[in-house]
Amino acid sequence: MAGAFRRAPAMDSARIVLILEAALIVVSVGALVTFAVLQERNSRATAVDSYSSYDSAAGGYRAFYELLQREGVRVERFEQHPAFLDASVDTLVYAEPLAFDERQIPSTKNDARALEEWVRSGGRLLYFGFDDEAAKQKVLGFPFTTVLGDGARKASIAPELLAAGVARVGDAAGSARWRLPHPHARTLFDDGRGTVILGYPFGRGEVVAVIDETLLDNANLAKDDRPRLAFALASPRRAGGLVWFDETVHGYLQPEHWWSVVPRPFVIALAIAALALLVALAGAAVRLGPPLVPRPRDDRTSADFIDGLSSLLERGKALRTAMQDASNATARAVARALGAGDDASAEQIGERIENVETRAEFRTMLQLAESGPADSDNLVRTVALAQRLRKEFAPHGRQRN
């Protein structure tokens with residue numbers, strides 16, 4: 001019992017520490033949640049209109065995009081540079097982002113040039129917003145803006161829009177209106193205070209410019225006949241044509257890899273070459289059969305010939321005959337060289353040889369052929385002496401006797 005009472009204070013201290021740790025964790029989690037909620041509210045309060053088809057907030061074009069989808073239009077989002085636009089695209093919907101929107105990706109001169117080439121080649125650009133700086137640089141023939149009119153004249157809608165069921169659009173927002181850029185430009189919608197929507201040809205293509213970006217955003221699309229206006233403006237000119245919403249300027253840009261830029265035949269050829277290299281490396285690393293061993297060469301040399309001849313003579317017990325034949329033939333050659341007759345004896349021939357060493361070699365050759373042991377060594381020695389003497393007394397050689 002005494003031991004149990006002594007452990008009680010230690011157990012109370014551990015329990016207090018656990019309670020404090022749990023309280024600290026709860027407070028920390030609560031602080032993190034509160035901070036996240038405040039940050040979310042702050043971001044919502046400071047969010048600007050994006051005019052993006054991904055944005056379902058008031059200032060987005062999500063409803064515009066889904067409206068075209070429900071009406072059976074082939075609509076997609078374009079998230080590449082304008083250089084990738086081709087003839088398969090019928091209409092490109094481009095909404096100018098706000099200048100202070102941090103999400104935007106500014107267009108470059110190359111992007112503007114590529115977009116101009118696409119429209120000039122027959123593309124159709126549905127442009128929302130205005131940019132007087134681009135108008136100064138004559139990009140896509142954009143018109144300049146003018147100040148808001150007094151609203152004294154009556155609103156007007158182009159016949160093609162009236163035929164599409166657009167009878168009432170309502171007033172456009174903002175204090176800017178279009179100034180017609182050239183005589184070929186046509187006013188498609190005038191709210192009574194100036195041109196809101198106009199269209200004009202550009203090369204073989206067409207540009208339709210809407211100065212009020214809020215006219216067809218999520219907050220205003222359902223007003224009056226604006227759904228019909230949106231469908232009439234964005235409908236492709238040819239049946240089954242593709243309509244793209246440009247999302248590149250709104251921060252949605254797909255990374256471009258080298259294989260998406262180079263010509264497709266080059267990519268296919270490079271892939272085939274890489275596959276062949278991998279197959280070759282695999283074949284070199286993995287042995288699928290026994291190694292190929294080259295056949296041994298069977299080239300005969302003079303030494304092999306001599307060895308074979310020696311073995312043949314040895315098996316036929318003809319060493320003595322070969323030694324005697326070599327000796328007799330050499331003796332006759334030496335006799336002719338010294339002017340002795342064919343019937344001269346070996347002694348007579350030897351006496352005619354003046355050089356002592358040569359005379360000794362001649363007699364050694366005769367002795368080996370007649371009485372020396374008939375073996376390979378003596379055969380080689382006899383033939384060597386005979387060859388040396390023949391060379392010494394050759395008719396075309398320089399004799400020392």
# chains A, B, ... in the order shown; residues from 1 in each chain; ligands from 1
>>> residues_around(residues="Thr108 in chain A", least_positions_apart="3", cutoff="12 Å", atoms="only C-alpha atoms", output="compact mmCIF listing (two decimals) with N, CA and C atoms, in the first residue's frame")
# COMPACT_ATOMS: atom_id res chain seq x y z
N HIS A 81 -0.48 27.47 -78.00
CA HIS A 81 -0.21 28.72 -78.69
C HIS A 81 -0.93 28.73 -80.03
N PRO A 82 -1.27 29.92 -80.54
CA PRO A 82 -2.01 30.00 -81.81
C PRO A 82 -1.29 29.35 -82.99
N ALA A 83 -0.01 29.08 -82.86
CA ALA A 83 0.70 28.42 -83.96
C ALA A 83 0.14 27.04 -84.26
N ILE A 105 -1.79 34.96 -69.26
CA ILE A 105 -0.50 34.77 -69.92
C ILE A 105 -0.48 35.71 -71.12
N ASP A 111 2.54 35.01 -81.30
CA ASP A 111 1.16 34.54 -81.13
C ASP A 111 0.20 35.37 -81.96
N ALA A 112 0.36 36.70 -81.92
CA ALA A 112 -0.51 37.58 -82.71
C ALA A 112 -0.34 37.32 -84.20
N ARG A 113 0.90 37.10 -84.64
CA ARG A 113 1.14 36.85 -86.07
C ARG A 113 0.51 35.53 -86.49
N ALA A 114 0.63 34.50 -85.65
CA ALA A 114 0.04 33.21 -85.98
C ALA A 114 -1.48 33.29 -86.02
N LEU A 115 -2.08 34.04 -85.08
CA LEU A 115 -3.53 34.20 -85.07
C LEU A 115 -4.00 34.95 -86.32
N ALA A 134 -3.59 47.29 -79.34
CA ALA A 134 -3.57 46.38 -80.49
C ALA A 134 -4.14 47.05 -81.73
N VAL A 139 -3.34 45.09 -85.29
CA VAL A 139 -3.42 43.65 -85.11
C VAL A 139 -4.82 43.19 -85.45
N THR A 248 -5.65 29.75 -73.30
CA THR A 248 -4.22 30.00 -73.11
C THR A 248 -3.99 31.31 -72.37
N VAL A 249 -4.71 32.37 -72.78
CA VAL A 249 -4.50 33.69 -72.16
C VAL A 249 -5.02 33.73 -70.73
>>> select_by_dssp(residues="range 160-303 of chain A", states="helix (DSSP H, G or I)", output="ChimeraX atom specification")
/A:160-163,213-216,226-234,248-250,258-261,264-285,302-303
>>> residues_around(residues="Tyr61 in chain A", least_positions_apart="5", cutoff="6 Å", atoms="only C-alpha atoms", output="PDB file with N, CA and C atoms, in the first residue's frame")
ATOM      1  N   TYR A  51     -13.399  35.457 -67.326  1.00  0.00           N
ATOM      2  CA  TYR A  51     -13.914  35.235 -68.683  1.00  0.00           C
ATOM      3  C   TYR A  51     -13.362  33.927 -69.261  1.00  0.00           C
ATOM      4  N   SER A  52     -13.181  32.942 -68.385  1.00  0.00           N
ATOM      5  CA  SER A  52     -12.690  31.637 -68.798  1.00  0.00           C
ATOM      6  C   SER A  52     -13.851  30.651 -68.821  1.00  0.00           C
ATOM      7  N   SER A  53     -13.818  29.717 -69.743  1.00  0.00           N
ATOM      8  CA  SER A  53     -14.872  28.698 -69.830  1.00  0.00           C
ATOM      9  C   SER A  53     -14.779  27.685 -68.700  1.00  0.00           C
ATOM     10  N   ASP A 217     -21.512  36.583 -70.028  1.00  0.00           N
ATOM     11  CA  ASP A 217     -20.885  35.835 -68.943  1.00  0.00           C
ATOM     12  C   ASP A 217     -21.946  35.086 -68.148  1.00  0.00           C
ATOM     13  N   ASN A 218     -21.526  34.357 -67.121  1.00  0.00           N
ATOM     14  CA  ASN A 218     -22.440  33.511 -66.369  1.00  0.00           C
ATOM     15  C   ASN A 218     -23.562  34.303 -65.703  1.00  0.00           C
TER      16      ASN A 218
END
>>> closest_residue(among="A:Leu277, A:Ala331, A:Met323, A:Leu215", to="Arg359 in chain A", atoms="only C-alpha atoms")
A:Ala331
>>> residues_around(residues="Tyr94 in chain A", least_positions_apart="6", cutoff="9 Å", atoms="only C-alpha atoms", output="VMD selection string")
chain A and resid 125 to 129 244 to 247 249
>>> residues_around(residues="Ala87 in chain A", least_positions_apart="4", cutoff="10 Å", atoms="only C-alpha atoms", output="short mmCIF file (atom, residue, chain, number, x, y, z; two decimals) with C-alpha atoms, in the first residue's frame")
data_model
loop_
_atom_site.label_atom_id
_atom_site.label_comp_id
_atom_site.auth_asym_id
_atom_site.auth_seq_id
_atom_site.Cartn_x
_atom_site.Cartn_y
_atom_site.Cartn_z
CA TRP A 118 -5.07 31.62 -89.20
CA VAL A 119 -7.90 34.16 -89.62
CA SER A 121 -6.50 31.77 -94.18
CA GLY A 122 -10.22 31.37 -93.49
CA GLY A 123 -10.64 31.15 -89.71
CA GLY A 241 -17.33 22.56 -87.50
CA LEU A 242 -15.22 22.77 -84.35
#
